[in-house]
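Report on the structure given below.
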2 protein chains.
Amino acid sequence: MGLVVQKYGGSSVADAEGIKRVAKRIVDAKKSGHQVVVVVSAMGDTTDELIELAEQVSPMPTGREFDMLLTAGERISMALLAMAIKNLGHEAQSFTGSQAGVITDSVHNKARIIDVTPGRIRTALDQGNIAIVAGFQGVSQDSKDITTLGRGGSDTTAVALAAALDAEVCEIYTDVDGVFTADPRVVKKAQKIDWISSEDMLELASSGSKVLLHRCVEYARRYNIPIHVRSSFSGLQGTWVSNEPREDQKGMEHAIISGVAHDTSEAKVTVVGVPDKPGEAAVIFRAIADAEINIDMVVQNVSAAATGLTDISFTLPKADGPKAIDALKRVQGGIGFETLRYDDQIAKISLVGAGMKTNPGVTAQFFEALSNAGVNIELISTSEIRISVVTRAEDVNEAVRAVHSAFGLDSETDEAVVYGGTGR
Amino acid sequence: MGLVVQKYGGSSVADAEGIKRVAKRIVDAKKSGHQVVVVVSAMGDTTDELIELAEQVSPMPTGREFDMLLTAGERISMALLAMAIKNLGHEAQSFTGSQAGVITDSVHNKARIIDVTPGRIRTALDQGNIAIVAGFQGVSQDSKDITTLGRGGSDTTAVALAAALDAEVCEIYTDVDGVFTADPRVVKKAQKIDWISSEDMLELASSGSKVLLHRCVEYARRYNIPIHVRSSFSGLQGTWVSNEPREDQKGMEHAIISGVAHDTSEAKVTVVGVPDKPGEAAVIFRAIADAEINIDMVVQNVSAAATGLTDISFTLPKADGPKAIDALKRVQGGIGFETLRYDDQIAKISLVGAGMKTNPGVTAQFFEALSNAGVNIELISTSEIRISVVTRAEDVNEAVRAVHSAFGLDSETDEAVVYGGTGR
């Protein structure tokens, strides 16, 4: 029995009852002979409440002090969790990110982990204790200031500690039973995936699947740490994410298609009537990059021979839409494009699976499924193991269900899948 | 202009409005040319809410994890305060007790400060920043664990930092205008004291005055740090507490009597019929000490010659009453006293003033005042600069008013004194 890192999200420790339930689960892991390191997020809405307070004293809270504020949330949950474990007769010690040796760069509010030196955690484990670590936070190497890791920070803390401590597995506990072949709220027949490769998981994460964030999967892939995503409300096995299948999964046939993801958080910008000559696209995307906007899909069609003009479309987070339009209007004179079109009523549907590399016909089958469902395709973009299309937002559920069914991903019974936990 | 340490209690930073008001006051001090270090408590009820959460997961929360939990409160208030100051265009940095160099022993929940090494605070000040420090917390020298300082901890943090930084003054901001000659809720004609010696303040604090705790005054006395207690709701001068009067106060006549304090938080235990022979009192108070009970007044009368028996009375916090009775019952057989009497309907009234050392007749005048008011005296205890009596609890207000008036402490107008702040 080796070392296990468990991570519990805010919904798992939303109140005293949740904390006690999680404490019991941790003690069970300890009793089964594991050394246990637990990474915990702030309770339920704590972080939102702290942000609200911050906005009451400062219009745009940011930087060092905002990080100092937000880290109070995990401090509360980790101390309570350690107390609840002690109350069950086991020894637990809580550690801040800084105490746990989570060293980051100095970019407040979205720091990157640059080193993990978990000396105090090792000592606590060697003494037979359970170690509880605050997720989402670290200490900057240069200034020794408290930092936060931004979105998905607690999952990343867990994976980083698992790597530094050479853990057997990093268990990510959440309020769903694992990663599904599609969002079960949309596809009733979606199935829980037992094992998925890191590669496919990365594509799903960047295509709209919300269970794991790209950042955490990428970290785990790099350090070869298996992730087990599972529900903190049930005792069920969840989804294993790893570079290679585990021994007991090696017999399993690796599905051609891992799943269907969708994303309605993006908008589409079309730059209409761009002169088709070298350097025009560069000016457009330099303007977007200088506005610090991350774009996703980019599509350019061949220009109409008669006019020498082409259209360039790209997708971006809806929140960045107005900023992008402003940035492009400022370069309109220089480029001489005709007009801009902005559309935030779109959805992106993606099919992900390493198997499609070697299976011709996946693309055709995907488009046929959409066509049969009467869904019009507006943009297409592909990678080696993913096909993504943009459709009307109103078509998204229909499109996802059609594709899920066409690739044989439907479970045999309706609503066979428990979503949102069983023991809640 | 030198360095000022300001301390703001929980009621001063109870909400966003309070934090903004305090931020403005801090910026004013900075603008007037001071280097400013601010010690802040947790917002309003935060600490109580955290304790309640702890009690939900653990029946008797205590120790390392409880400290980790409680320190989240100051972390929130200090970060918000730093943000609010930045929002006013000034630079502020917040520091945990550990970051500020508040080094303590390892007694969790009531640690003592053993050293202060404010290197990071000095650096922040030298860079022109305002430094905000979490009150009530430190880090243990041995284990590097987070500790809390117990009751009055934030005031003590402020005084300790003022000493380590060689501050001009430690300003303790609270919700009253200063230290009064009596509790203004009881004595309408109580007057704010402009200056009081540390010595007298220590006696008032141990006699029931709640504005400053004994611990903080003692620390300030030892390191010769002037304290200025004042309201965070008004701009008024408050009360200066120092070993010697400041230059501008040297002309002031030092009052014979500083004030009248009262305390209704104690109970009285009388051990009746104790054999009057050596060692009996020692057995009694050893039993009490072993039960970790702090006693206050102790009175023993000469024994009645006929019986060779005496009575021993002492006062103690009401909360410790049952524990004391248990402890004494266990030694009853060995001592052979007759019975125990327990009375929690008492009040202690104390007259404090260094001037009474050299003014004969103060004691007589004190007893006359009580007698004229028809107040019966049950116990008497004196120190060089204090006389305390125990009376019935129901007589306390009448007794305090009578003594206050008899020693010429009444202000000339009724309700001349603002209590509870003006700008709230």
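Every chain in the structure tokens has a letter given in the order shown (A, B, ...), and although residue numbers restart at 1 in each chain, ligands are simply numbered from 1 in the order shown.
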*Would you return as an MDAnalysis selection string the members of stretch 141-271 of chain A that DSSP assigns to alpha helix (DSSP H) on this structure's backbone?*
chainID A and resid 153:164 198:206 214:223
Could you save the residues just selected, with N, CA, C and O atoms, as a CSV table (one decimal), in the first residue's frame?
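This went into result_2.csv:
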```
chain,number,residue,atom,x,y,z
A,153,GLY,N,-7.1,25.4,-9.7
A,153,GLY,CA,-5.9,25.4,-8.9
A,153,GLY,C,-5.8,24.3,-7.9
A,153,GLY,O,-4.7,23.7,-7.7
A,154,SER,N,-6.9,23.9,-7.3
A,154,SER,CA,-6.8,22.8,-6.3
A,154,SER,C,-6.5,21.5,-7.0
A,154,SER,O,-5.8,20.7,-6.4
A,155,ASP,N,-7.1,21.2,-8.1
A,155,ASP,CA,-6.8,20.0,-8.8
A,155,ASP,C,-5.3,19.9,-9.2
A,155,ASP,O,-4.6,18.9,-9.0
A,156,THR,N,-4.8,21.1,-9.6
A,156,THR,CA,-3.4,21.1,-9.9
A,156,THR,C,-2.5,21.0,-8.7
A,156,THR,O,-1.5,20.3,-8.8
A,157,THR,N,-2.9,21.5,-7.6
A,157,THR,CA,-2.1,21.3,-6.3
A,157,THR,C,-2.1,19.8,-6.0
A,157,THR,O,-1.0,19.3,-5.7
A,158,ALA,N,-3.2,19.1,-6.2
A,158,ALA,CA,-3.2,17.7,-5.9
A,158,ALA,C,-2.3,16.9,-6.8
A,158,ALA,O,-1.5,16.1,-6.3
A,159,VAL,N,-2.4,17.2,-8.1
A,159,VAL,CA,-1.5,16.5,-9.0
A,159,VAL,C,0.0,16.8,-8.7
A,159,VAL,O,0.8,15.9,-8.8
A,160,ALA,N,0.3,18.0,-8.5
A,160,ALA,CA,1.7,18.4,-8.2
A,160,ALA,C,2.2,17.8,-7.0
A,160,ALA,O,3.4,17.3,-6.9
A,161,LEU,N,1.4,17.7,-5.9
A,161,LEU,CA,1.8,17.0,-4.7
A,161,LEU,C,2.0,15.5,-5.0
A,161,LEU,O,3.0,14.9,-4.5
A,162,ALA,N,1.1,15.0,-5.7
A,162,ALA,CA,1.2,13.5,-6.1
A,162,ALA,C,2.5,13.3,-6.8
A,162,ALA,O,3.2,12.3,-6.5
A,163,ALA,N,2.8,14.2,-7.7
A,163,ALA,CA,4.1,14.0,-8.4
A,163,ALA,C,5.3,14.1,-7.5
A,163,ALA,O,6.2,13.3,-7.5
A,164,ALA,N,5.3,15.1,-6.6
A,164,ALA,CA,6.4,15.4,-5.8
A,164,ALA,C,6.6,14.3,-4.7
A,164,ALA,O,7.7,14.0,-4.3
A,198,SER,N,-4.6,10.1,-21.1
A,198,SER,CA,-4.4,11.5,-20.9
A,198,SER,C,-4.6,12.4,-22.1
A,198,SER,O,-5.1,13.5,-22.1
A,199,GLU,N,-4.2,11.8,-23.2
A,199,GLU,CA,-4.2,12.5,-24.5
A,199,GLU,C,-5.7,12.9,-24.9
A,199,GLU,O,-6.0,14.0,-25.1
A,200,ASP,N,-6.6,11.9,-24.8
A,200,ASP,CA,-8.0,12.1,-25.1
A,200,ASP,C,-8.6,13.0,-24.0
A,200,ASP,O,-9.4,13.9,-24.3
A,201,MET,N,-8.2,12.9,-22.8
A,201,MET,CA,-8.8,13.7,-21.7
A,201,MET,C,-8.4,15.2,-21.9
A,201,MET,O,-9.2,16.0,-21.7
A,202,LEU,N,-7.2,15.4,-22.4
A,202,LEU,CA,-6.8,16.8,-22.7
A,202,LEU,C,-7.7,17.4,-23.8
A,202,LEU,O,-8.1,18.5,-23.7
A,203,GLU,N,-8.0,16.6,-24.8
A,203,GLU,CA,-8.8,17.1,-25.9
A,203,GLU,C,-10.3,17.4,-25.4
A,203,GLU,O,-10.9,18.4,-25.7
A,204,LEU,N,-10.8,16.4,-24.6
A,204,LEU,CA,-12.1,16.6,-24.0
A,204,LEU,C,-12.2,17.9,-23.2
A,204,LEU,O,-13.1,18.7,-23.2
A,205,ALA,N,-11.1,18.1,-22.3
A,205,ALA,CA,-11.1,19.2,-21.4
A,205,ALA,C,-11.1,20.5,-22.2
A,205,ALA,O,-11.7,21.5,-21.9
A,206,SER,N,-10.3,20.5,-23.3
A,206,SER,CA,-10.3,21.8,-24.1
A,206,SER,C,-11.5,21.9,-25.0
A,206,SER,O,-11.6,23.0,-25.6
A,214,HIS,N,-7.8,21.2,-18.3
A,214,HIS,CA,-6.7,20.9,-19.1
A,214,HIS,C,-5.4,21.0,-18.3
A,214,HIS,O,-4.5,20.1,-18.4
A,215,ARG,N,-5.3,22.0,-17.5
A,215,ARG,CA,-4.0,22.3,-16.8
A,215,ARG,C,-3.6,21.1,-15.9
A,215,ARG,O,-2.4,20.7,-15.8
A,216,CYS,N,-4.6,20.6,-15.2
A,216,CYS,CA,-4.3,19.5,-14.2
A,216,CYS,C,-4.0,18.2,-15.0
A,216,CYS,O,-3.0,17.5,-14.6
A,217,VAL,N,-4.7,17.9,-16.1
A,217,VAL,CA,-4.4,16.7,-16.8
A,217,VAL,C,-3.0,16.8,-17.4
A,217,VAL,O,-2.3,15.8,-17.5
A,218,GLU,N,-2.7,18.0,-17.9
A,218,GLU,CA,-1.4,18.2,-18.6
A,218,GLU,C,-0.3,17.9,-17.6
A,218,GLU,O,0.7,17.3,-17.9
A,219,TYR,N,-0.4,18.4,-16.3
A,219,TYR,CA,0.6,18.2,-15.3
A,219,TYR,C,0.7,16.7,-15.0
A,219,TYR,O,1.8,16.2,-14.9
A,220,ALA,N,-0.4,16.0,-14.9
A,220,ALA,CA,-0.4,14.6,-14.5
A,220,ALA,C,0.2,13.8,-15.7
A,220,ALA,O,1.0,12.9,-15.5
A,221,ARG,N,-0.1,14.2,-16.9
A,221,ARG,CA,0.5,13.5,-18.1
A,221,ARG,C,2.0,13.6,-18.1
A,221,ARG,O,2.8,12.7,-18.2
A,222,ARG,N,2.5,14.9,-17.8
A,222,ARG,CA,3.9,15.1,-17.8
A,222,ARG,C,4.7,14.3,-16.8
A,222,ARG,O,5.7,13.8,-17.0
A,223,TYR,N,4.1,14.2,-15.6
A,223,TYR,CA,4.7,13.5,-14.5
A,223,TYR,C,4.3,12.0,-14.3
A,223,TYR,O,4.6,11.3,-13.4
```
*Among stretch 134-304 of chain B, which ones does DSSP place in strand (DSSP E), written as a PyMOL selection string?*
chain B and resi 134+137-140+146-148+169-174+195-197+227-231+239-242+259-263+266-275+298-300
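Closest to chain B among A:Ile76, A:Val241, A:Ala261, A:Ile293 is A:Ile76, based on only C-alpha atoms.
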Applying 12 Å and only C-alpha atoms, which residues near B:Ser106 remain after dropping the ones on its own chain fewer than 4 positions away? List them as a PDB file with C-alpha atoms, in the first residue's frame.
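What landed in around_32.pdb:
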```pdb
ATOM      1  CA  GLY B  63      -5.011  22.932  19.628  1.00  0.00           C
ATOM      2  CA  ARG B  64      -3.102  23.394  16.409  1.00  0.00           C
ATOM      3  CA  ASP B  67      -5.569  28.052  15.692  1.00  0.00           C
ATOM      4  CA  LYS B 110      -3.177  31.066  24.265  1.00  0.00           C
ATOM      5  CA  ALA B 111       0.394  31.438  23.093  1.00  0.00           C
ATOM      6  CA  ARG B 112       2.751  34.025  24.577  1.00  0.00           C
ATOM      7  CA  ILE B 113       4.894  36.243  22.394  1.00  0.00           C
ATOM      8  CA  ILE B 114       8.565  35.453  22.981  1.00  0.00           C
ATOM      9  CA  GLN B 137      -1.658  35.333  15.795  1.00  0.00           C
ATOM     10  CA  GLY B 138       1.958  34.247  15.579  1.00  0.00           C
ATOM     11  CA  VAL B 139       4.136  31.296  14.708  1.00  0.00           C
ATOM     12  CA  SER B 140       5.674  28.954  17.258  1.00  0.00           C
ATOM     13  CA  GLN B 141       9.453  29.056  17.571  1.00  0.00           C
ATOM     14  CA  ASP B 142       9.841  25.297  17.872  1.00  0.00           C
ATOM     15  CA  SER B 143       7.365  23.729  15.475  1.00  0.00           C
ATOM     16  CA  LYS B 144       6.739  26.647  13.065  1.00  0.00           C
ATOM     17  CA  ASP B 145       3.040  26.046  13.583  1.00  0.00           C
ATOM     18  CA  ILE B 146       0.472  28.857  13.535  1.00  0.00           C
ATOM     19  CA  THR B 147      -0.566  29.940  17.031  1.00  0.00           C
ATOM     20  CA  THR B 148      -3.150  32.332  18.448  1.00  0.00           C
ATOM     21  CA  LEU B 149      -2.556  34.581  21.416  1.00  0.00           C
TER      22      LEU B 149
END
```
_Distance cut-off 9 Å, counting only C-alpha atoms - which residues of chain B neighbour chain A? Return them as number ranges by chain._
B: 15-17, 19-20, 50, 53-54, 56-59, 61-62, 64-87, 92-95
*What is the distance between atom CA of B:Ser313 and atom CA of B:Ala291, in Å to one decimal?*
17.3 Å
Could I get the residues of stretch 167-263 of chain B with an atom no further than 12 Å from an atom of stretch 26-36 of chain B, each paired with its nearest atom pair and that distance in Å to one decimal, using only C-alpha atoms, sorted by chain and residue number, as CSV?
```
residue,atom,partner,partner_atom,distance
B:Ala167,CA,B:Gln35,CA,9.2
B:Glu168,CA,B:His34,CA,9.8
B:Val169,CA,B:Val36,CA,10.6
B:Cys170,CA,B:Val36,CA,10.4
B:Glu171,CA,B:Val36,CA,10.7
B:Tyr173,CA,B:Ile26,CA,11.2
B:Ser232,CA,B:Ile26,CA,10.4
B:Gly235,CA,B:Asp28,CA,11.2
```
Write the residues of the selection above to a file with N, CA and C atoms, as a PDB file, in the first residue's frame.
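Result file follows (part02.pdb):
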```pdb
ATOM      1  N   ALA B 167       8.161  52.305  18.076  1.00  0.00           N
ATOM      2  CA  ALA B 167       7.145  53.264  17.643  1.00  0.00           C
ATOM      3  C   ALA B 167       7.010  54.408  18.644  1.00  0.00           C
ATOM      4  N   GLU B 168       6.560  55.542  18.146  1.00  0.00           N
ATOM      5  CA  GLU B 168       6.243  56.689  18.996  1.00  0.00           C
ATOM      6  C   GLU B 168       5.082  56.373  19.928  1.00  0.00           C
ATOM      7  N   VAL B 169       4.094  55.689  19.372  1.00  0.00           N
ATOM      8  CA  VAL B 169       2.873  55.429  20.120  1.00  0.00           C
ATOM      9  C   VAL B 169       2.175  54.214  19.525  1.00  0.00           C
ATOM     10  N   CYS B 170       1.459  53.514  20.379  1.00  0.00           N
ATOM     11  CA  CYS B 170       0.574  52.454  19.919  1.00  0.00           C
ATOM     12  C   CYS B 170      -0.853  52.937  20.121  1.00  0.00           C
ATOM     13  N   GLU B 171      -1.550  53.184  19.016  1.00  0.00           N
ATOM     14  CA  GLU B 171      -2.934  53.664  19.102  1.00  0.00           C
ATOM     15  C   GLU B 171      -3.897  52.482  19.056  1.00  0.00           C
ATOM     16  N   TYR B 173      -7.544  51.565  18.615  1.00  0.00           N
ATOM     17  CA  TYR B 173      -8.853  52.102  18.224  1.00  0.00           C
ATOM     18  C   TYR B 173      -9.953  51.135  18.643  1.00  0.00           C
ATOM     19  N   SER B 232     -12.560  54.727  16.946  1.00  0.00           N
ATOM     20  CA  SER B 232     -12.374  54.730  15.500  1.00  0.00           C
ATOM     21  C   SER B 232     -13.545  55.411  14.807  1.00  0.00           C
ATOM     22  N   GLY B 235     -12.969  61.699  15.767  1.00  0.00           N
ATOM     23  CA  GLY B 235     -11.591  62.191  15.636  1.00  0.00           C
ATOM     24  C   GLY B 235     -11.023  62.664  16.962  1.00  0.00           C
TER      25      GLY B 235
END
```
_Nearby residues (only C-alpha atoms) at most 10 Å from B:Gly334, same-chain spacing under 4 positions excluded, as JSON, numbers by chain_ = {"B": [280, 283, 329, 330]}
*For A:Thr310, please output as a PyMOL selection string all residues within 12 Å (counting only C-alpha atoms; exclusion window: fewer than 6 positions along the same chain).*
chain A and resi 270-277+280-281+299-304+336-339
